[in-house]
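J.: Contents are mmCIF, C-alpha atoms; file name model-v9.cif:
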```
data_query
#
loop_
_atom_site.label_atom_id
_atom_site.label_comp_id
_atom_site.auth_asym_id
_atom_site.auth_seq_id
_atom_site.Cartn_x
_atom_site.Cartn_y
_atom_site.Cartn_z
CA MET A 1 20.46 20.30 -7.75
CA LYS A 2 16.82 20.77 -8.82
CA VAL A 3 14.30 18.33 -7.38
CA LEU A 4 11.03 19.78 -8.67
CA GLU A 5 10.33 22.43 -11.25
CA ALA A 6 7.14 24.19 -12.32
CA ARG A 7 7.32 25.83 -15.75
CA GLY A 8 4.71 28.43 -16.68
CA ILE A 9 2.00 26.88 -14.51
CA GLY A 10 -1.52 28.26 -14.89
CA LYS A 11 -4.68 26.92 -13.31
CA SER A 12 -8.29 27.93 -13.76
CA TYR A 13 -11.51 26.45 -12.44
CA GLY A 14 -14.03 27.67 -14.99
CA PRO A 15 -13.79 31.45 -15.14
CA ARG A 16 -11.89 31.57 -11.83
CA ILE A 17 -8.14 31.96 -12.37
CA ILE A 18 -6.15 30.46 -9.49
CA LEU A 19 -2.58 30.57 -10.83
CA ARG A 20 -0.96 32.53 -13.69
CA ASP A 21 2.43 31.73 -15.24
CA VAL A 22 4.04 30.33 -12.11
CA ASP A 23 7.71 29.48 -12.58
CA PHE A 24 9.31 27.85 -9.60
CA ALA A 25 12.08 25.39 -8.82
CA LEU A 26 12.92 23.56 -5.62
CA ALA A 27 16.52 22.48 -5.06
CA SER A 28 18.10 19.88 -2.77
CA GLY A 29 18.96 21.05 0.74
CA GLU A 30 16.79 24.18 0.81
CA ILE A 31 13.63 25.21 2.59
CA VAL A 32 11.29 27.47 0.65
CA GLY A 33 8.42 29.17 2.44
CA LEU A 34 5.16 29.58 0.51
CA ILE A 35 3.21 32.58 1.75
CA GLY A 36 -0.13 33.95 0.62
CA PRO A 37 -3.58 34.92 1.84
CA ASN A 38 -6.44 32.41 2.13
CA GLY A 39 -7.63 31.32 -1.29
CA ALA A 40 -4.42 32.51 -3.00
CA GLY A 41 -3.88 29.03 -4.48
CA LYS A 42 -1.15 27.70 -2.17
CA THR A 43 -2.79 24.28 -1.75
CA THR A 44 -3.60 24.14 -5.47
CA LEU A 45 0.04 24.88 -6.32
CA LEU A 46 1.24 22.18 -3.92
CA ARG A 47 -1.19 19.65 -5.42
CA ILE A 48 -0.12 20.59 -8.94
CA LEU A 49 3.53 20.03 -7.97
CA LEU A 50 2.50 16.65 -6.52
CA ARG A 51 0.58 15.86 -9.74
CA PHE A 52 -2.70 15.39 -7.92
CA VAL A 53 -4.08 18.25 -10.02
CA GLU A 54 -3.37 18.93 -13.69
CA PRO A 55 -2.32 22.47 -14.53
CA SER A 56 -4.40 24.25 -17.19
CA ARG A 57 -1.13 25.50 -18.69
CA GLY A 58 2.55 24.70 -18.21
CA ARG A 59 4.08 21.58 -16.74
CA VAL A 60 5.77 20.11 -13.71
CA VAL A 61 9.08 18.30 -14.01
CA SER A 62 10.32 16.02 -11.23
CA PHE A 63 14.01 15.18 -11.00
CA ALA A 64 13.52 13.14 -7.82
CA PRO A 65 13.87 9.35 -7.80
CA PRO A 66 10.57 7.39 -7.72
CA ASP A 67 8.85 7.40 -4.33
CA ALA A 68 11.23 10.04 -2.92
CA VAL A 69 8.77 12.94 -2.70
CA GLU A 70 6.49 13.19 0.32
CA HIS A 71 3.64 15.42 1.33
CA PHE A 72 1.45 16.15 4.31
CA GLY A 73 -1.67 18.21 3.78
CA GLY A 74 -2.82 18.58 7.39
CA ALA A 75 -4.61 16.62 10.11
CA HIS A 76 -7.89 16.73 8.18
CA THR A 77 -6.37 14.61 5.39
CA LEU A 78 -5.75 11.60 7.66
CA PRO A 79 -8.38 8.84 7.37
CA PRO A 80 -10.15 8.96 10.76
CA HIS A 81 -11.00 5.24 11.06
CA VAL A 82 -7.48 3.88 10.52
CA ALA A 83 -5.49 2.77 13.58
CA VAL A 84 -2.63 5.10 14.51
CA ARG A 85 0.01 2.37 14.35
CA THR A 86 -1.28 1.08 10.99
CA TRP A 87 -1.01 4.56 9.49
CA ALA A 88 2.44 5.14 10.98
CA ARG A 89 3.80 1.87 9.60
CA LEU A 90 2.16 2.25 6.18
CA VAL A 91 3.20 5.82 5.42
CA SER A 92 6.68 5.60 6.93
CA ARG A 93 7.24 2.32 5.04
CA GLY A 94 7.94 0.66 8.38
CA GLU A 95 10.49 3.28 9.46
CA ALA A 96 8.34 4.72 12.28
CA SER A 97 7.40 2.53 15.22
CA CYS A 98 4.18 3.10 17.11
CA ASN A 99 1.99 0.81 19.19
CA ASP A 100 -1.09 3.02 19.53
CA ARG A 101 -4.06 0.92 18.41
CA ARG A 102 -6.62 3.74 18.71
CA PRO A 103 -8.27 5.06 15.56
CA ILE A 104 -6.87 8.38 14.32
CA ARG A 105 -10.21 10.05 15.14
CA ALA A 106 -9.55 9.42 18.85
CA LEU A 107 -6.51 11.75 18.78
CA SER A 108 -6.62 15.48 19.42
CA ARG A 109 -6.07 17.75 16.42
CA GLY A 110 -2.51 18.51 17.49
CA SER A 111 -1.70 14.82 17.97
CA ARG A 112 -3.13 14.03 14.53
CA GLN A 113 -0.99 16.78 13.02
CA LEU A 114 2.09 15.42 14.80
CA LEU A 115 1.28 11.87 13.66
CA GLY A 116 1.00 12.97 10.03
CA LEU A 117 4.23 14.96 10.14
CA SER A 118 6.28 12.44 12.09
CA THR A 119 5.33 9.51 9.82
CA VAL A 120 6.22 11.46 6.68
CA LEU A 121 9.46 12.84 8.13
CA ALA A 122 10.50 9.43 9.52
CA ARG A 123 11.22 8.22 6.01
CA SER A 124 14.88 8.16 5.07
CA ARG A 125 16.22 9.00 1.60
CA LEU A 126 13.62 11.62 0.81
CA ALA A 127 14.41 14.08 -1.99
CA ALA A 128 11.62 16.57 -1.28
CA VAL A 129 8.77 17.12 1.16
CA LEU A 130 5.86 19.48 0.50
CA LEU A 131 4.03 20.56 3.66
CA ASP A 132 0.75 22.47 3.86
CA GLU A 133 0.32 24.47 7.08
CA PRO A 134 2.51 22.07 9.11
CA TRP A 135 2.54 24.15 12.34
CA GLU A 136 -1.27 24.26 12.48
CA GLY A 137 -2.50 22.78 15.78
CA LEU A 138 0.97 22.00 17.17
CA ASP A 139 1.83 22.97 20.75
CA PRO A 140 5.13 24.82 21.41
CA ASP A 141 7.06 21.55 21.88
CA GLY A 142 5.63 20.14 18.66
CA ALA A 143 6.39 23.37 16.79
CA ARG A 144 10.00 23.34 18.03
CA TRP A 145 10.36 19.66 17.08
CA LEU A 146 9.09 20.41 13.58
CA SER A 147 11.45 23.36 13.03
CA GLU A 148 14.44 21.36 14.30
CA THR A 149 13.50 18.36 12.16
CA LEU A 150 13.17 20.50 9.03
CA LEU A 151 16.63 21.99 9.62
CA ARG A 152 18.15 18.57 10.33
CA ARG A 153 16.62 16.95 7.24
CA LYS A 154 17.60 19.97 5.14
CA GLY A 155 21.17 19.35 6.28
CA GLU A 156 20.83 15.80 4.96
CA GLY A 157 19.96 17.19 1.52
CA CYS A 158 16.17 17.03 1.61
CA ALA A 159 14.26 19.92 -0.02
CA PHE A 160 11.18 21.42 1.61
CA LEU A 161 8.38 23.59 0.27
CA VAL A 162 6.40 24.76 3.28
CA SER A 163 3.14 26.65 2.99
CA SER A 164 2.25 28.47 6.20
CA HIS A 165 0.36 31.40 7.64
CA ARG A 166 2.51 31.23 10.77
CA LEU A 167 5.15 33.68 9.59
CA HIS A 168 7.03 33.65 12.90
CA ASP A 169 7.62 29.90 12.57
CA LEU A 170 8.58 30.18 8.93
CA ALA A 171 10.88 33.17 9.41
CA GLY A 172 14.53 32.29 9.83
CA LEU A 173 14.07 28.73 8.53
CA CYS A 174 13.98 29.37 4.81
CA GLU A 175 16.56 30.20 2.17
CA ARG A 176 13.85 31.66 -0.07
CA TYR A 177 10.29 32.85 0.29
CA ALA A 178 7.63 32.44 -2.42
CA PHE A 179 4.87 35.02 -2.09
CA LEU A 180 1.66 34.05 -3.86
CA THR A 181 -0.74 36.88 -4.61
CA ASP A 182 -3.29 37.40 -7.35
CA GLY A 183 -2.30 34.05 -8.86
CA ARG A 184 1.31 35.13 -9.40
CA ILE A 185 4.39 34.03 -7.52
CA VAL A 186 7.18 36.37 -6.45
CA ILE A 187 10.35 34.79 -5.04
CA ARG A 188 12.61 36.62 -2.60
CA GLY A 189 15.83 35.34 -1.07
CA ALA A 190 16.17 35.59 2.71
CA GLY A 191 18.80 38.30 2.20
CA GLU A 192 16.36 40.40 0.16
CA VAL A 193 13.69 40.17 2.89
CA ALA A 194 16.03 41.20 5.70
CA PRO A 195 19.80 41.75 5.87
CA ASP A 196 20.11 39.66 9.04
CA ARG A 197 17.89 36.91 10.41
CA VAL A 198 14.40 37.19 8.88
CA SER A 199 11.57 37.80 11.33
CA GLY A 200 7.81 37.42 10.94
CA GLU A 201 7.53 41.22 10.76
CA ASP A 202 10.07 41.30 7.92
CA LEU A 203 8.00 38.76 5.98
CA LEU A 204 4.82 40.77 6.51
CA ARG A 205 6.53 43.95 5.28
CA ALA A 206 7.97 42.13 2.26
CA PHE A 207 4.53 40.73 1.42
CA ASP A 208 2.92 44.16 1.73
CA ARG A 209 5.51 45.62 -0.67
CA ILE A 210 4.74 42.88 -3.21
CA ARG A 211 0.97 43.30 -2.86
CA VAL A 212 0.96 47.09 -3.39
CA PRO A 213 1.17 47.86 -7.12
CA SER A 214 4.24 49.97 -7.94
CA MET B 215 13.04 0.75 2.45
CA ARG B 216 9.77 -0.98 1.59
CA ARG B 217 7.61 0.16 -1.32
CA LEU B 218 4.05 1.08 -0.52
CA SER B 219 1.79 -1.74 -1.71
CA PRO B 220 -1.53 -0.40 -3.06
CA ILE B 221 -3.41 -3.55 -2.05
CA ARG B 222 -2.09 -3.29 1.52
CA TYR B 223 -2.79 0.43 1.57
CA PHE B 224 -6.43 0.16 0.50
CA ALA B 225 -7.05 -2.86 2.74
CA ALA B 226 -6.00 -0.69 5.69
CA VAL B 227 -7.33 2.71 4.67
CA SER B 228 -10.47 1.90 2.70
CA PRO B 229 -11.87 -1.40 3.94
CA PRO B 230 -15.48 -2.32 3.13
CA ALA B 231 -17.97 -1.34 5.84
CA SER B 232 -17.79 -3.71 8.83
CA PRO B 233 -21.55 -4.56 8.81
CA LEU B 234 -21.24 -5.60 5.16
CA VAL B 235 -18.24 -7.80 5.89
CA ALA B 236 -20.05 -9.32 8.90
CA ALA B 237 -23.12 -10.06 6.76
CA LEU B 238 -20.92 -11.68 4.09
CA VAL B 239 -19.23 -13.88 6.71
CA ILE B 240 -22.64 -14.89 8.12
CA LEU B 241 -23.91 -15.74 4.62
CA ALA B 242 -20.83 -17.85 3.81
CA GLY B 243 -21.17 -19.66 7.16
CA GLY B 244 -24.92 -20.04 6.59
CA ALA B 245 -24.29 -21.69 3.23
CA ALA B 246 -22.01 -24.24 4.89
CA VAL B 247 -24.63 -25.02 7.57
CA LEU B 248 -27.52 -25.24 5.06
CA GLU B 249 -25.58 -27.51 2.73
CA THR B 250 -24.71 -29.81 5.63
CA VAL B 251 -28.37 -30.08 6.66
CA ASP B 252 -29.98 -30.15 3.22
CA ARG B 253 -27.89 -30.41 0.06
CA GLY B 254 -28.69 -27.75 -2.57
CA SER B 255 -30.69 -25.56 -0.17
CA SER B 256 -28.25 -22.61 -0.19
CA ASP B 257 -28.67 -21.34 -3.76
CA TRP B 258 -30.32 -18.14 -2.50
CA VAL B 259 -27.13 -17.36 -0.57
CA LEU B 260 -25.29 -16.50 -3.81
CA ALA B 261 -28.00 -13.98 -4.73
CA SER B 262 -27.69 -12.42 -1.27
CA ILE B 263 -23.89 -12.20 -1.57
CA GLY B 264 -24.38 -10.58 -4.98
CA LEU B 265 -26.75 -8.00 -3.49
CA LEU B 266 -24.27 -7.13 -0.73
CA GLN B 267 -21.46 -6.94 -3.26
CA LEU B 268 -23.37 -4.18 -5.09
CA PHE B 269 -22.92 -2.06 -1.97
CA ALA B 270 -19.47 -3.28 -0.91
CA CYS B 271 -18.04 -2.20 -4.28
CA SER B 272 -19.81 1.18 -4.32
CA THR B 273 -16.83 2.78 -2.66
CA GLY B 274 -16.82 6.46 -3.69
CA PHE B 275 -13.13 6.63 -4.66
CA LEU B 276 -13.08 10.35 -5.44
CA LEU B 277 -14.77 11.28 -2.18
CA HIS B 278 -11.87 9.73 -0.20
CA ALA B 279 -9.22 10.96 -2.63
CA THR B 280 -10.36 14.60 -2.43
CA ARG B 281 -10.26 14.42 1.35
CA GLY B 282 -6.58 13.54 1.06
CA HIS B 283 -7.01 10.00 2.43
CA TYR B 284 -5.29 8.48 -0.61
CA ASP B 285 -2.48 11.07 -0.90
CA PRO B 286 0.33 8.70 0.18
CA ILE B 287 -0.56 5.98 -2.32
CA LEU B 288 -1.24 8.45 -5.15
CA LEU B 289 2.10 10.10 -4.40
CA ALA B 290 4.08 6.87 -4.36
CA ARG B 291 4.74 7.40 -8.08
CA LEU B 292 2.92 4.21 -8.95
CA ASP B 293 0.98 3.87 -12.17
CA ARG B 294 -2.46 5.31 -11.38
CA ARG B 295 -4.09 2.42 -13.28
CA ARG B 296 -2.38 -0.02 -10.95
CA VAL B 297 -3.60 1.98 -7.96
CA ALA B 298 -7.17 1.97 -9.33
CA PHE B 299 -7.11 -1.76 -10.00
CA ALA B 300 -5.78 -2.44 -6.50
CA HIS B 301 -8.65 -0.37 -5.11
CA PHE B 302 -11.14 -2.47 -7.08
CA LEU B 303 -9.55 -5.71 -5.84
CA SER B 304 -9.59 -4.47 -2.27
CA ALA B 305 -13.26 -3.43 -2.50
CA SER B 306 -14.39 -6.70 -4.06
CA ALA B 307 -12.24 -9.07 -1.97
CA PRO B 308 -14.72 -9.74 0.91
CA GLY B 309 -17.55 -10.54 -1.52
CA VAL B 310 -15.30 -12.76 -3.61
CA GLY B 311 -14.16 -14.55 -0.43
CA ALA B 312 -17.75 -15.13 0.69
CA TRP B 313 -18.67 -16.32 -2.81
CA ILE B 314 -15.82 -18.85 -2.89
CA ALA B 315 -16.64 -20.06 0.63
CA ALA B 316 -20.34 -20.52 -0.20
CA GLY B 317 -19.43 -22.22 -3.48
CA ALA B 318 -16.98 -24.51 -1.71
CA ALA B 319 -19.70 -25.53 0.76
CA GLN B 320 -22.01 -26.35 -2.16
CA ALA B 321 -19.27 -28.22 -4.03
CA ILE B 322 -18.34 -30.30 -0.98
CA ALA B 323 -22.00 -31.18 -0.33
CA ALA B 324 -22.57 -32.04 -4.01
CA ARG B 325 -19.20 -33.81 -4.30
CA SER B 326 -18.73 -31.92 -7.58
CA PRO B 327 -17.22 -28.56 -8.55
CA ALA B 328 -20.07 -27.97 -11.01
CA VAL B 329 -22.12 -25.82 -8.64
CA PRO B 330 -23.75 -22.46 -9.57
CA ALA B 331 -21.03 -20.38 -7.88
CA PHE B 332 -18.24 -22.00 -9.87
CA ARG B 333 -19.95 -22.18 -13.26
CA PRO B 334 -19.08 -19.50 -15.84
CA ALA B 335 -22.44 -17.78 -15.21
CA GLY B 336 -21.56 -17.57 -11.51
CA TRP B 337 -18.16 -15.97 -12.06
CA VAL B 338 -19.54 -13.57 -14.68
CA GLY B 339 -22.39 -12.60 -12.34
CA LEU B 340 -19.90 -11.91 -9.55
CA LEU B 341 -17.75 -9.80 -11.89
CA LEU B 342 -20.81 -7.79 -12.97
CA VAL B 343 -21.97 -6.98 -9.43
CA SER B 344 -18.39 -6.04 -8.52
CA SER B 345 -17.11 -3.99 -11.45
CA ILE B 346 -20.17 -1.95 -12.44
CA PRO B 347 -20.93 -0.50 -8.96
CA TRP B 348 -17.21 0.16 -8.41
CA ALA B 349 -16.84 2.04 -11.69
CA ALA B 350 -20.17 3.85 -11.33
CA SER B 351 -19.35 5.05 -7.82
CA ILE B 352 -15.90 6.52 -8.53
CA ARG B 353 -17.27 10.06 -8.75
CA GLY B 354 -20.24 9.53 -6.45
CA PRO B 355 -20.93 8.97 -2.77
CA ARG B 356 -20.41 5.58 -1.16
CA PHE B 357 -23.20 2.98 -1.64
CA VAL B 358 -25.11 5.13 -4.14
CA ALA B 359 -24.33 3.01 -7.21
CA GLY B 360 -25.54 -0.12 -5.39
CA ALA B 361 -28.66 1.65 -4.18
CA LEU B 362 -29.46 2.95 -7.68
CA TRP B 363 -29.02 -0.48 -9.24
CA LEU B 364 -31.23 -2.08 -6.59
CA THR B 365 -33.86 0.64 -7.08
CA LEU B 366 -33.84 0.00 -10.83
CA THR B 367 -34.23 -3.74 -10.26
CA ALA B 368 -37.06 -3.21 -7.77
CA SER B 369 -38.84 -0.74 -10.09
CA LEU B 370 -38.68 -3.18 -13.01
CA ALA B 371 -39.85 -6.02 -10.77
CA ILE B 372 -42.81 -3.99 -9.48
CA SER B 373 -43.78 -2.91 -13.00
CA GLY B 374 -43.84 -6.57 -14.06
CA LYS B 375 -41.14 -6.10 -16.71
CA LEU B 376 -38.69 -8.38 -14.94
CA LEU B 377 -40.50 -11.34 -13.48
CA VAL B 378 -42.40 -12.48 -16.60
CA PRO B 379 -39.29 -12.75 -18.81
CA LEU B 380 -37.40 -14.34 -15.91
CA ALA B 381 -40.09 -17.01 -15.58
CA LEU B 382 -39.93 -17.50 -19.35
CA LEU B 383 -36.17 -17.90 -19.23
CA HIS B 384 -36.49 -20.34 -16.33
CA SER B 385 -39.01 -22.55 -18.12
CA HIS B 386 -37.51 -22.23 -21.64
CA PRO B 387 -33.70 -22.07 -21.40
CA GLY B 388 -33.49 -21.74 -25.20
CA TRP B 389 -35.25 -18.35 -25.07
CA ALA B 390 -32.05 -16.48 -24.17
CA GLY B 391 -30.30 -17.84 -27.26
CA GLN B 392 -33.11 -16.58 -29.50
CA HIS B 393 -33.44 -13.18 -27.81
CA ARG B 394 -29.85 -12.31 -26.93
CA ILE B 395 -30.24 -8.55 -26.52
CA HIS B 396 -33.36 -9.00 -24.40
CA ALA B 397 -31.59 -11.66 -22.31
CA LEU B 398 -28.57 -9.36 -21.88
CA ALA B 399 -30.80 -6.52 -20.69
CA LEU B 400 -32.61 -8.88 -18.35
CA GLY B 401 -29.37 -10.14 -16.79
CA LEU B 402 -28.04 -6.60 -16.37
CA ALA B 403 -31.26 -5.48 -14.72
CA PHE B 404 -31.20 -8.40 -12.28
CA PRO B 405 -27.60 -9.68 -12.18
CA VAL B 406 -27.95 -11.70 -8.98
CA VAL B 407 -29.97 -14.35 -10.88
CA LEU B 408 -27.15 -15.05 -13.30
CA PRO B 409 -25.70 -18.07 -11.43
CA SER B 410 -29.05 -19.85 -11.11
CA LEU B 411 -30.06 -19.74 -14.80
CA ASP B 412 -28.72 -21.25 -18.01
CA TRP B 413 -27.27 -18.70 -20.42
CA PRO B 414 -25.92 -19.36 -23.91
CA PRO B 415 -22.18 -18.63 -24.32
CA ALA B 416 -22.86 -15.60 -26.56
CA VAL B 417 -24.97 -13.92 -23.86
CA LEU B 418 -22.45 -14.81 -21.14
CA THR B 419 -19.71 -13.27 -23.31
CA GLY B 420 -21.88 -10.15 -23.55
CA PHE B 421 -22.19 -9.95 -19.74
CA ALA B 422 -18.45 -10.45 -19.33
CA SER B 423 -17.72 -7.76 -21.95
CA VAL B 424 -19.95 -5.25 -20.16
CA ALA B 425 -18.31 -6.06 -16.81
CA ILE B 426 -14.77 -5.76 -18.16
CA ALA B 427 -15.61 -2.56 -20.06
CA ALA B 428 -16.97 -1.05 -16.84
CA LEU B 429 -13.82 -2.05 -14.95
CA LEU B 430 -11.52 -0.58 -17.62
CA ALA B 431 -13.59 2.61 -17.77
CA GLY B 432 -13.32 2.94 -13.99
CA VAL B 433 -9.57 2.38 -14.02
CA GLU B 434 -9.16 4.96 -16.80
CA THR B 435 -11.34 7.45 -14.91
CA VAL B 436 -9.08 7.21 -11.86
CA ALA B 437 -5.98 7.54 -14.07
CA ARG B 438 -7.29 10.76 -15.67
CA THR B 439 -9.03 12.38 -12.70
CA GLU B 440 -7.69 15.30 -10.68
CA PHE B 441 -7.61 15.16 -6.89
CA PRO B 442 -7.92 18.67 -5.50
CA LEU B 443 -8.74 18.86 -1.81
CA ALA B 444 -12.51 19.10 -1.35
CA GLU B 445 -12.19 22.43 0.47
CA GLU B 446 -10.55 23.99 -2.62
CA GLY B 447 -13.94 23.97 -4.29
CA GLY B 448 -12.44 22.89 -7.54
#
```
Could you show the structure in this file as structure tokens?
T.:
Amino acid sequence: MKVLEARGIGKSYGPRIILRDVDFALASGEIVGLIGPNGAGKTTLLRILLRFVEPSRGRVVSFAPPDAVEHFGGAHTLPPHVAVRTWARLVSRGEASCNDRRPIRALSRGSRQLLGLSTVLARSRLAAVLLDEPWEGLDPDGARWLSETLLRRKGEGCAFLVSSHRLHDLAGLCERYAFLTDGRIVIRGAGEVAPDRVSGEDLLRAFDRIRVPS
Amino acid sequence: MRRLSPIRYFAAVSPPASPLVAALVILAGGAAVLETVDRGSSDWVLASIGLLQLFACSTGFLLHATRGHYDPILLARLDRRRVAFAHFLSASAPGVGAWIAAGAAQAIAARSPAVPAFRPAGWVGLLLVSSIPWAASIRGPRFVAGALWLTLTASLAISGKLLVPLALLHSHPGWAGQHRIHALALGLAFPVVLPSLDWPPAVLTGFASVAIAALLAGVETVARTEFPLAEEGG
């Protein structure tokens, strides 16, 4: 069942074209990896899907119930002066418990990343979660927790669109991979990337094949 | 599952600067003390609260939104206009609280609710110094709208274009009724004097219209604005 759909999305900032004719759909119970070089427009695409940014062309359709789509854009998007426990309670709608009264700025980058992810993922009854570089700054335990949580929540029917440069973390988690290059999106199923379990090397090779003009 | 309340969200994530809130609390307390000692001696407190409100409401909405600080509330699928209005209420709440406290101290001392803070001119003045800086600062840095307004007022005062008509208005209350546009411009240039002067209803309606138009324009700006992350350069 579709949760989010982008139809013919284009985005330009002045003469700079970020996205061209992006068609993409996210369905319940799947994890889609969003892969592309710096400046490819991954964050812009995520923010268009979240309706924070208006596309120059095309439209986004959400089939999710109200307040059932979540997002975490990285540790730098957390307000530094807010107390950790206030943020946890607010964003998780009271579903995450935390007694840390320190301001978010007092946490290390990895702890801030973990706070942002854990409060978003603590919410029950989510239809879709869009994550931007979620493994950034996490230690090995945190990275393992995140991968296990994504798989568990996927099993509960939640859809994930995960943008990441950390191909080794992304590999093996996703049903499909969306490669973003030159403003265009190319979707490959896990089976098309590698016959068995997808590795980071497989993703790199698949991306190189897409980037080289045929 | 609880819904995310925009008022609660902004109160936690985007509170007015602590020194401003502390100054507002001191002013409200000062009004109570002054009125106890000498009835009617705290009129200047309202002007001071108005000045602080210029800065408290200059919040820089877009600056926070493009850093991602407002992502959860913007994503909660609420009407953006409701979110914007909640942000305005949250920004203006400390000033409004101080205003009501100072007015209550005056009303108790005077044994009458007809004190400057609670007269129509007082409420309209408070709305002006709240809504215009809030709306003007949506796309700008924090405090800048308040600073610009104060600079304009100071420039006009130094050039003599403000104090002479103010003295005229003070000594001849009928002047504002005969020169409505001039009176409107005067009040907008120096809004903190609104509570202490007599204004004809037509001019007060003009002030209220400007304040409400600014608020609606600000709400509409938030509803129609994009929120890319600042690092996107868009």
J.: Of the candidates B:Leu234, B:Val436, B:Leu364, B:Leu340, which one gets nearest to Phe275 of chain B if we count only C-alpha atoms?
T.: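 Ranked by minimum distance to Phe275 of chain B, first place goes to B:Val436.
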J.: Check which residues satisfy the PyMOL selection byres ((chain B) within 9 of (chain A)) in the file shown, then give them as a ChimeraX atom specification.
T.: /B:215-219,222-223,226-228,278,280-292,439-443,446-448
J.: Pull out every residue that the PyMOL selection byres ((chain B and resi 323-339) around 7) matches in the shown coordinates and put them as a list in words.
T.: Glu249, Thr250, Arg253, Trp313, Gly317, Ala319, Gln320, Ala321, Ile322, Leu340, Leu341, Leu342, Val343, Pro405, Val406, Leu408, Pro409, Ser410, Leu418, Phe421 and Ala422 of chain B
J.: In Å, with one decimal, what is the gap from atom CA of Val239 of chain B to atom CA of Pro308 of chain B?
T.: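 So the answer is 8.4 Å.
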J.: Determine the residue set returned by the PyMOL selection byres ((chain B and resi 354) around 10) for the present structure, and present it as a list in words.
T.: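 Selection result, ordered by chain and number: Ser272, Thr273, Gly274, Phe275, Leu276, Leu277, Ala349, Ala350, Ser351, Ile352, Arg353, Pro355, Arg356, Phe357, Val358 and Ala359 of chain B.
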J.: Looking at B:Phe299, B:Leu402, B:Ala246, B:Cys271, which one is nearest to Gly360 of chain B, with distances taken over all atoms listed in the file?
T.: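 Answer, going by the shortest atom-to-atom distance: B:Cys271.
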J.: To one decimal in Å, tell me the separation between atom CA of Gln267 of chain B and atom CA of Ser344 of chain B.
T.: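 Going from atom CA of Gln267 of chain B over to atom CA of Ser344 of chain B covers 6.2 Å.
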J.: Report, as AutoDock Vina command-line options, the centre and edge lengths in Å (one decimal) of the axis-aligned box enclosing every listed atom of segment 324-339 of chain B, padded by 6 Å on each side.
T.:
```
--center_x -20.5 --center_y -23.2 --center_z -9.9 --size_x 18.5 --size_y 33.2 --size_z 23.8
```
J.: With only C-alpha atoms as the atoms that count, which of A:Trp135, A:Asp208, A:Ile31, A:Glu175 lies nearest to Arg152 of chain A?
T.: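 Counting only C-alpha atoms, the residue closest to Arg152 of chain A is A:Ile31.
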J.: Need to verify the contact set: Val417 of chain B, 12 Å, all atoms listed in the file, exclusion of same-chain residues closer than 2 positions in sequence. Can you return it as a VMD selection string?
T.: chain B and resid 334 to 335 338 to 339 388 to 402 408 411 to 415 419 to 424
J.: Residues within 12 Å of Asp196 of chain A, please, as a ChimeraX atom specification. Count all atoms listed in the file; anything in the same chain fewer than 6 positions from it doesn't count.
T.: /A:171-172,189-190,202
